[in-house]
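As stored in protein.cif (mmCIF, C-alpha atoms):
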data_final
loop_
_atom_site.label_atom_id
_atom_site.label_comp_id
_atom_site.auth_asym_id
_atom_site.auth_seq_id
_atom_site.Cartn_x
_atom_site.Cartn_y
_atom_site.Cartn_z
CA MET A 1 39.84 -14.66 5.21
CA ARG A 2 40.91 -13.25 1.87
CA ARG A 3 41.36 -9.51 1.55
CA LEU A 4 39.41 -7.73 -1.21
CA SER A 5 41.52 -6.55 -4.11
CA LYS A 6 40.94 -3.25 -5.91
CA SER A 7 39.22 -5.05 -8.77
CA ASP A 8 36.92 -6.87 -6.33
CA PHE A 9 36.05 -3.55 -4.69
CA TRP A 10 35.27 -1.89 -8.03
CA SER A 11 33.24 -4.90 -9.17
CA VAL A 12 31.09 -4.79 -6.03
CA LEU A 13 30.69 -1.02 -6.36
CA ILE A 14 29.62 -1.25 -10.02
CA ILE A 15 27.19 -4.10 -9.36
CA THR A 16 25.67 -2.19 -6.44
CA ALA A 17 25.33 0.97 -8.54
CA VAL A 18 23.66 -0.92 -11.40
CA ALA A 19 21.30 -2.72 -9.01
CA GLY A 20 20.38 0.61 -7.37
CA TRP A 21 19.75 2.21 -10.74
CA LEU A 22 17.55 -0.73 -11.82
CA CYS A 23 15.54 -0.46 -8.59
CA TYR A 24 15.18 3.29 -9.13
CA ARG A 25 13.82 2.66 -12.63
CA GLY A 26 11.32 0.14 -11.29
CA THR A 27 12.78 -2.74 -13.29
CA PHE A 28 12.11 -5.33 -10.57
CA TYR A 29 8.87 -3.91 -9.13
CA GLN A 30 6.71 -0.81 -9.11
CA THR A 31 8.38 1.71 -6.81
CA GLY A 32 6.50 3.95 -4.40
CA ALA A 33 7.31 7.00 -6.50
CA GLN A 34 5.97 5.28 -9.64
CA PHE A 35 2.79 4.24 -7.79
CA TYR A 36 2.22 7.81 -6.65
CA SER A 37 2.91 9.33 -10.06
CA ARG A 38 0.78 6.90 -12.03
CA CYS A 39 -2.11 6.78 -9.61
CA TRP A 40 -2.07 10.55 -9.07
CA GLN A 41 -2.52 10.91 -12.84
CA ARG A 42 -5.42 8.45 -12.73
CA MET A 43 -7.03 10.32 -9.82
CA HIS A 44 -6.82 13.63 -11.68
CA ALA A 45 -7.96 12.31 -15.06
CA ASN A 46 -11.51 13.55 -14.31
CA GLY A 47 -13.18 10.56 -15.94
CA ARG A 48 -11.02 10.60 -19.07
CA GLU A 49 -9.80 7.32 -20.45
CA ALA A 50 -6.12 6.48 -20.54
CA ASN A 51 -4.18 8.00 -23.43
CA SER A 52 -2.37 4.78 -24.34
CA PRO A 53 -2.42 1.04 -23.63
CA GLU A 54 0.66 1.53 -21.44
CA GLN A 55 -1.08 4.17 -19.35
CA ALA A 56 -4.17 1.97 -19.06
CA ALA A 57 -2.01 -0.88 -17.76
CA GLU A 58 -0.28 1.44 -15.31
CA TRP A 59 -3.59 2.78 -14.00
CA ALA A 60 -4.94 -0.74 -13.62
CA THR A 61 -2.24 -1.51 -11.03
CA CYS A 62 -3.33 1.23 -8.62
CA ASP A 63 -6.15 -0.59 -6.87
CA GLU A 64 -4.45 -3.96 -6.49
CA ALA A 65 -1.11 -2.50 -5.34
CA ALA A 66 -2.85 -0.53 -2.59
CA LYS A 67 -4.96 -3.49 -1.44
CA ILE A 68 -1.96 -5.83 -1.33
CA ALA A 69 0.02 -3.33 0.76
CA VAL A 70 -2.75 -2.48 3.19
CA TYR A 71 -4.26 -5.93 3.68
CA ARG A 72 -0.97 -7.86 3.89
CA HIS A 73 0.22 -5.47 6.57
CA GLY A 74 -2.86 -6.31 8.63
CA PHE A 75 -4.95 -3.18 8.22
CA VAL A 76 -8.70 -3.65 8.49
CA PHE A 77 -11.27 -1.00 7.62
CA ALA A 78 -13.83 -0.29 10.34
CA GLY A 79 -17.47 -0.50 9.44
CA ASN A 80 -20.43 1.72 10.10
CA ARG A 81 -20.17 3.56 13.42
CA ASP A 82 -23.88 2.94 14.12
CA TYR A 83 -23.21 -0.82 14.31
CA ALA A 84 -19.98 -0.65 16.32
CA LEU A 85 -21.58 -1.91 19.51
CA THR A 86 -19.07 -4.43 20.83
CA PRO A 87 -15.76 -3.46 22.48
CA GLN A 88 -13.84 -5.10 19.58
CA LEU A 89 -15.64 -3.05 16.95
CA LYS A 90 -15.25 0.16 18.97
CA ALA A 91 -11.51 -0.50 19.40
CA LEU A 92 -11.15 -1.11 15.66
CA ARG A 93 -13.10 2.03 14.88
CA ALA A 94 -10.78 4.09 17.11
CA ALA A 95 -7.52 2.67 15.70
CA CYS A 96 -8.23 2.02 12.02
CA PRO A 97 -9.53 3.79 8.92
CA SER A 98 -13.27 3.57 8.42
CA MET A 99 -15.25 2.66 5.36
CA ASP A 100 -17.74 5.47 5.88
CA GLY A 101 -15.41 8.29 6.90
CA ASP A 102 -11.93 7.79 5.47
CA LEU A 103 -12.28 5.71 2.32
CA PRO A 104 -13.14 7.68 -0.84
CA LEU A 105 -15.49 6.18 -3.41
CA ALA A 106 -12.57 5.61 -5.79
CA GLY A 107 -11.04 3.10 -3.37
CA ILE A 108 -8.01 2.40 -1.21
CA TRP A 109 -5.59 3.52 -3.92
CA ALA A 110 -7.10 7.03 -3.97
CA LEU A 111 -6.79 7.25 -0.18
CA ALA A 112 -3.13 6.17 -0.44
CA VAL A 113 -2.40 8.77 -3.13
CA GLN A 114 -4.08 11.51 -1.08
CA MET A 115 -2.15 10.48 2.04
CA ILE A 116 1.18 10.49 0.14
CA GLU A 117 0.33 13.94 -1.19
CA ASP A 118 -0.66 15.17 2.29
CA SER A 119 2.61 13.86 3.74
CA GLY A 120 4.57 16.08 1.37
CA GLY A 121 4.93 13.67 -1.54
CA THR A 122 7.33 10.82 -2.04
CA THR A 123 10.64 10.53 -0.23
CA LEU A 124 14.03 9.56 -1.60
CA THR A 125 13.55 5.99 -0.37
CA ASP A 126 10.19 5.80 -2.18
CA LYS A 127 12.14 6.03 -5.44
CA PHE A 128 13.85 2.72 -4.63
CA LEU A 129 11.46 0.77 -2.39
CA PRO A 130 8.38 -1.12 -3.61
CA ALA A 131 5.03 0.68 -3.71
CA ARG A 132 3.75 -1.36 -0.77
CA ALA A 133 6.45 0.16 1.48
CA THR A 134 5.32 3.68 0.58
CA ILE A 135 1.66 2.85 1.10
CA VAL A 136 2.31 1.14 4.44
CA ARG A 137 4.45 4.12 5.51
CA VAL A 138 1.62 6.62 5.09
CA PHE A 139 -1.06 4.32 6.51
CA THR A 140 1.09 3.52 9.56
CA ALA A 141 1.81 7.22 10.08
CA LYS A 142 -1.92 7.97 10.35
CA TRP A 143 -3.11 4.74 12.00
CA PRO A 144 -0.03 3.36 13.84
CA ASN A 145 -1.92 0.84 15.97
CA CYS A 146 -4.45 -0.45 13.45
CA ALA A 147 -2.84 -3.80 12.59
CA LYS A 148 -2.04 -4.58 16.26
CA THR A 149 -5.51 -3.56 17.41
CA ALA A 150 -7.17 -5.64 14.72
CA THR A 151 -5.14 -8.73 15.64
CA ALA A 152 -5.61 -8.20 19.39
CA ASN A 153 -9.38 -7.96 18.95
CA GLY A 154 -9.72 -11.13 16.89
CA PHE A 155 -9.91 -9.72 13.37
CA PRO A 156 -8.17 -12.10 10.93
CA LYS A 157 -6.00 -10.85 8.07
CA LEU A 158 -7.50 -10.35 4.66
CA VAL A 159 -6.25 -12.64 1.91
CA LYS A 160 -6.99 -12.89 -1.79
CA ARG A 161 -8.92 -15.98 -2.81
CA LYS A 162 -10.31 -16.61 -6.27
CA GLY A 163 -9.86 -12.99 -7.27
CA SER A 164 -11.49 -11.32 -4.25
CA TRP A 165 -10.30 -10.22 -0.82
CA GLU A 166 -11.79 -11.95 2.20
CA PHE A 167 -10.88 -12.77 5.77
CA ASP A 168 -8.42 -15.65 6.19
CA THR A 169 -10.64 -17.25 8.85
CA GLU A 170 -14.10 -16.52 10.14
CA CYS A 171 -14.31 -13.00 11.54
CA LYS A 172 -16.09 -13.45 14.85
CA PRO A 173 -16.15 -9.73 15.78
CA CYS A 174 -17.73 -9.01 12.37
CA MET A 175 -20.61 -11.35 13.14
CA ALA A 176 -21.74 -9.02 15.95
CA GLU A 177 -21.93 -6.10 13.52
CA GLY A 178 -24.24 -8.07 11.24
CA GLN A 179 -26.69 -8.88 14.04
#

Transcribe the structure of this file into structure tokens.
Amino acid sequence: MRRLSKSDFWSVLIITAVAGWLCYRGTFYQTGAQFYSRCWQRMHANGREANSPEQAAEWATCDEAAKIAVYRHGFVFAGNRDYALTPQLKALRAACPSMDGDLPLAGIWALAVQMIEDSGGTTLTDKFLPARATIVRVFTAKWPNCAKTATANGFPKLVKRKGSWEFDTECKPCMAEGQ
């Protein structure tokens, strides 16, 4: 095996530093810190429109970024507590966020922003990691067993098809809630 020369060492160091700086700037993806900053501004806009096309585009990413993070990780939102009659629905209700108690009217993104704020804001790693990592971090901190409970009780993952989010396969436990 060849030993690294000084120039090889410096080359690797410079490339790593540049890559880290590009990640920090959000060149490759929206970072967790950028998600929080942009979506916090949207949440506190009090109904005002975006000030620029760039800001409008940034605000438009809030909802989809949060849904991708939460649904791809396996989180499922529990339904109405009055209809949680089966053991599967009760288990989901105990382990996961609920549509009628936890989710604000603005959507999943607003819940994620509030949870990031409640956790003390973004961390150093949130400045480098993708937004989905930050969102999953705060959701997992509050509901650590949600994804496992949902899978164990037969709830399929949510996937995006033709522009909307739906269960990957038929949700048998959900059928009981509808009856």

Problem set entry | Selected residue of minimal separation from A:Phe167 among A:Ser5, A:Thr134, A:Pro53, A:Gly154, counting all atoms listed in the file |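 When distances to A:Phe167 are compared using all atoms listed in the file, the smallest one comes from A:Gly154.
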
For this session: Name every residue that the PyMOL selection byres ((chain A and resi 161-166) around 12) selects in this structure, writing the answer as number ranges by chain with chains first and numbers rising.
Result: A: 64, 67-68, 70-72, 76, 155-160, 167-171

Write to file, as a PDB file, keeping the file's coordinate frame, the residues of the selection just made, with C-alpha atoms.
ATOM      1  CA  GLU A  64      -4.450  -3.960  -6.490  1.00  0.00           C
ATOM      2  CA  LYS A  67      -4.960  -3.490  -1.440  1.00  0.00           C
ATOM      3  CA  ILE A  68      -1.960  -5.830  -1.330  1.00  0.00           C
ATOM      4  CA  VAL A  70      -2.750  -2.480   3.190  1.00  0.00           C
ATOM      5  CA  TYR A  71      -4.260  -5.930   3.680  1.00  0.00           C
ATOM      6  CA  ARG A  72      -0.970  -7.860   3.890  1.00  0.00           C
ATOM      7  CA  VAL A  76      -8.700  -3.650   8.490  1.00  0.00           C
ATOM      8  CA  PHE A 155      -9.910  -9.720  13.370  1.00  0.00           C
ATOM      9  CA  PRO A 156      -8.170 -12.100  10.930  1.00  0.00           C
ATOM     10  CA  LYS A 157      -6.000 -10.850   8.070  1.00  0.00           C
ATOM     11  CA  LEU A 158      -7.500 -10.350   4.660  1.00  0.00           C
ATOM     12  CA  VAL A 159      -6.250 -12.640   1.910  1.00  0.00           C
ATOM     13  CA  LYS A 160      -6.990 -12.890  -1.790  1.00  0.00           C
ATOM     14  CA  PHE A 167     -10.880 -12.770   5.770  1.00  0.00           C
ATOM     15  CA  ASP A 168      -8.420 -15.650   6.190  1.00  0.00           C
ATOM     16  CA  THR A 169     -10.640 -17.250   8.850  1.00  0.00           C
ATOM     17  CA  GLU A 170     -14.100 -16.520  10.140  1.00  0.00           C
ATOM     18  CA  CYS A 171     -14.310 -13.000  11.540  1.00  0.00           C
TER      19      CYS A 171
END

For this session: Just the residues within 10 Å of stretch 114-119 of chain A, please, counting only C-alpha atoms, with nothing from its chain fewer than 6 positions along; format it as a PyMOL selection string.
Result: chain A and resi 32-33+36+39-40+43+104+108+134-135+137-139+141-142

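For the pair atom CA of A:Thr122 and atom CA of A:Gln41, the separation is 14.6 Å.
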
Problem set entry | Residue nearest A:Thr31 - candidates A:Lys172, A:His73, A:Arg132, A:His44, atoms counted: only C-alpha atoms | A:Arg132

For this session: Counting only C-alpha atoms, figure out which residue out of A:Arg38, A:Leu129, A:Arg93, A:Leu105 gets nearest to A:Trp21.
Result: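 So, comparing all the options, the nearest one is A:Leu129.
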
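Atom CA of A:Ser37 sits 26.8 Å away from atom CA of A:Ala147.
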
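Taking atom CA of A:Asn46 as the reference point, atom CA of A:Cys96 is found at 28.9 Å.
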
For this session: Check what the PyMOL selection byres ((chain A and resi 109) around 7) selects in the file above and give those residues as a PyMOL selection string.
Result: chain A and resi 62-63+66+107-108+110-113

Problem set entry | Among listed residues A:Thr125, A:Thr149, A:Thr16, A:Ser11, nearest A:Leu92 (using only C-alpha atoms) |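 Distance minimum relative to A:Leu92 lands on A:Thr149.
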
Going by the chain IDs and residue numbers used in this file, which residues fall under the PyMOL selection byres ((chain A and resi 78) around 10)? Write them as a PDB file with C-alpha atoms, in the frame of the given file.
ATOM      1  CA  PHE A  75      -4.950  -3.180   8.220  1.00  0.00           C
ATOM      2  CA  VAL A  76      -8.700  -3.650   8.490  1.00  0.00           C
ATOM      3  CA  PHE A  77     -11.270  -1.000   7.620  1.00  0.00           C
ATOM      4  CA  GLY A  79     -17.470  -0.500   9.440  1.00  0.00           C
ATOM      5  CA  ASN A  80     -20.430   1.720  10.100  1.00  0.00           C
ATOM      6  CA  ARG A  81     -20.170   3.560  13.420  1.00  0.00           C
ATOM      7  CA  ALA A  84     -19.980  -0.650  16.320  1.00  0.00           C
ATOM      8  CA  LEU A  89     -15.640  -3.050  16.950  1.00  0.00           C
ATOM      9  CA  LYS A  90     -15.250   0.160  18.970  1.00  0.00           C
ATOM     10  CA  ALA A  91     -11.510  -0.500  19.400  1.00  0.00           C
ATOM     11  CA  LEU A  92     -11.150  -1.110  15.660  1.00  0.00           C
ATOM     12  CA  ARG A  93     -13.100   2.030  14.880  1.00  0.00           C
ATOM     13  CA  ALA A  94     -10.780   4.090  17.110  1.00  0.00           C
ATOM     14  CA  ALA A  95      -7.520   2.670  15.700  1.00  0.00           C
ATOM     15  CA  CYS A  96      -8.230   2.020  12.020  1.00  0.00           C
ATOM     16  CA  PRO A  97      -9.530   3.790   8.920  1.00  0.00           C
ATOM     17  CA  SER A  98     -13.270   3.570   8.420  1.00  0.00           C
ATOM     18  CA  MET A  99     -15.250   2.660   5.360  1.00  0.00           C
ATOM     19  CA  ASP A 100     -17.740   5.470   5.880  1.00  0.00           C
ATOM     20  CA  GLY A 101     -15.410   8.290   6.900  1.00  0.00           C
ATOM     21  CA  ASP A 102     -11.930   7.790   5.470  1.00  0.00           C
ATOM     22  CA  CYS A 146      -4.450  -0.450  13.450  1.00  0.00           C
ATOM     23  CA  ALA A 150      -7.170  -5.640  14.720  1.00  0.00           C
ATOM     24  CA  CYS A 174     -17.730  -9.010  12.370  1.00  0.00           C
TER      25      CYS A 174
END

Reconstruct N, CA, C and O atoms of stretch 91-114 of chain A; output as an mmCIF file, in the frame of the given file.
data_model
loop_
_atom_site.group_PDB
_atom_site.id
_atom_site.type_symbol
_atom_site.label_atom_id
_atom_site.label_comp_id
_atom_site.auth_asym_id
_atom_site.auth_seq_id
_atom_site.Cartn_x
_atom_site.Cartn_y
_atom_site.Cartn_z
ATOM 1 N N ALA A 91 -12.978 -0.615 19.407
ATOM 2 C CA ALA A 91 -11.510 -0.500 19.400
ATOM 3 C C ALA A 91 -10.995 -0.384 17.973
ATOM 4 O O ALA A 91 -10.104 0.433 17.690
ATOM 5 N N LEU A 92 -11.550 -1.175 17.064
ATOM 6 C CA LEU A 92 -11.150 -1.110 15.660
ATOM 7 C C LEU A 92 -11.495 0.248 15.072
ATOM 8 O O LEU A 92 -10.698 0.846 14.353
ATOM 9 N N ARG A 93 -12.645 0.725 15.401
ATOM 10 C CA ARG A 93 -13.100 2.030 14.880
ATOM 11 C C ARG A 93 -12.171 3.156 15.334
ATOM 12 O O ARG A 93 -11.906 4.087 14.577
ATOM 13 N N ALA A 94 -11.661 3.052 16.570
ATOM 14 C CA ALA A 94 -10.780 4.090 17.110
ATOM 15 C C ALA A 94 -9.371 4.033 16.518
ATOM 16 O O ALA A 94 -8.702 5.060 16.412
ATOM 17 N N ALA A 95 -8.915 2.841 16.122
ATOM 18 C CA ALA A 95 -7.520 2.670 15.700
ATOM 19 C C ALA A 95 -7.314 2.543 14.203
ATOM 20 O O ALA A 95 -6.183 2.634 13.735
ATOM 21 N N CYS A 96 -8.373 2.335 13.445
ATOM 22 C CA CYS A 96 -8.230 2.020 12.020
ATOM 23 C C CYS A 96 -9.036 2.966 11.137
ATOM 24 O O CYS A 96 -9.959 3.625 11.607
ATOM 25 N N PRO A 97 -8.716 2.990 9.846
ATOM 26 C CA PRO A 97 -9.530 3.790 8.920
ATOM 27 C C PRO A 97 -10.933 3.206 8.824
ATOM 28 O O PRO A 97 -11.136 2.008 9.045
ATOM 29 N N SER A 98 -11.887 4.058 8.512
ATOM 30 C CA SER A 98 -13.270 3.570 8.420
ATOM 31 C C SER A 98 -13.770 3.631 6.987
ATOM 32 O O SER A 98 -13.352 4.474 6.196
ATOM 33 N N MET A 99 -14.672 2.723 6.704
ATOM 34 C CA MET A 99 -15.250 2.660 5.360
ATOM 35 C C MET A 99 -16.147 3.864 5.081
ATOM 36 O O MET A 99 -16.240 4.311 3.952
ATOM 37 N N ASP A 100 -16.795 4.388 6.114
ATOM 38 C CA ASP A 100 -17.740 5.470 5.880
ATOM 39 C C ASP A 100 -17.171 6.866 6.109
ATOM 40 O O ASP A 100 -17.804 7.846 5.774
ATOM 41 N N GLY A 101 -15.953 6.964 6.645
ATOM 42 C CA GLY A 101 -15.410 8.290 6.900
ATOM 43 C C GLY A 101 -14.098 8.577 6.192
ATOM 44 O O GLY A 101 -13.830 9.713 5.810
ATOM 45 N N ASP A 102 -13.263 7.566 6.024
ATOM 46 C CA ASP A 102 -11.930 7.790 5.470
ATOM 47 C C ASP A 102 -11.778 7.345 4.023
ATOM 48 O O ASP A 102 -11.002 7.935 3.279
ATOM 49 N N LEU A 103 -12.482 6.312 3.641
ATOM 50 C CA LEU A 103 -12.280 5.710 2.320
ATOM 51 C C LEU A 103 -13.083 6.446 1.244
ATOM 52 O O LEU A 103 -14.305 6.498 1.305
ATOM 53 N N PRO A 104 -12.404 7.029 0.245
ATOM 54 C CA PRO A 104 -13.140 7.680 -0.840
ATOM 55 C C PRO A 104 -13.818 6.637 -1.741
ATOM 56 O O PRO A 104 -13.458 5.458 -1.724
ATOM 57 N N LEU A 105 -14.767 7.095 -2.516
ATOM 58 C CA LEU A 105 -15.490 6.180 -3.410
ATOM 59 C C LEU A 105 -14.570 5.510 -4.414
ATOM 60 O O LEU A 105 -14.824 4.391 -4.836
ATOM 61 N N ALA A 106 -13.497 6.177 -4.806
ATOM 62 C CA ALA A 106 -12.570 5.610 -5.790
ATOM 63 C C ALA A 106 -11.857 4.376 -5.260
ATOM 64 O O ALA A 106 -11.458 3.517 -6.031
ATOM 65 N N GLY A 107 -11.654 4.295 -3.948
ATOM 66 C CA GLY A 107 -11.040 3.100 -3.370
ATOM 67 C C GLY A 107 -9.801 3.391 -2.541
ATOM 68 O O GLY A 107 -9.407 4.547 -2.337
ATOM 69 N N ILE A 108 -9.182 2.308 -2.080
ATOM 70 C CA ILE A 108 -8.010 2.400 -1.210
ATOM 71 C C ILE A 108 -6.869 3.128 -1.908
ATOM 72 O O ILE A 108 -6.147 3.905 -1.291
ATOM 73 N N TRP A 109 -6.693 2.880 -3.194
ATOM 74 C CA TRP A 109 -5.590 3.520 -3.920
ATOM 75 C C TRP A 109 -5.698 5.037 -3.879
ATOM 76 O O TRP A 109 -4.698 5.729 -3.734
ATOM 77 N N ALA A 110 -6.914 5.577 -3.992
ATOM 78 C CA ALA A 110 -7.100 7.030 -3.970
ATOM 79 C C ALA A 110 -6.785 7.589 -2.585
ATOM 80 O O ALA A 110 -6.203 8.671 -2.466
ATOM 81 N N LEU A 111 -7.138 6.840 -1.548
ATOM 82 C CA LEU A 111 -6.790 7.250 -0.180
ATOM 83 C C LEU A 111 -5.274 7.259 -0.020
ATOM 84 O O LEU A 111 -4.705 8.196 0.547
ATOM 85 N N ALA A 112 -4.598 6.238 -0.535
ATOM 86 C CA ALA A 112 -3.130 6.170 -0.440
ATOM 87 C C ALA A 112 -2.480 7.339 -1.175
ATOM 88 O O ALA A 112 -1.567 7.970 -0.641
ATOM 89 N N VAL A 113 -2.955 7.650 -2.361
ATOM 90 C CA VAL A 113 -2.400 8.770 -3.130
ATOM 91 C C VAL A 113 -2.603 10.082 -2.373
ATOM 92 O O VAL A 113 -1.685 10.896 -2.256
ATOM 93 N N GLN A 114 -3.795 10.281 -1.826
ATOM 94 C CA GLN A 114 -4.080 11.510 -1.080
ATOM 95 C C GLN A 114 -3.197 11.606 0.164
ATOM 96 O O GLN A 114 -2.681 12.677 0.486
#
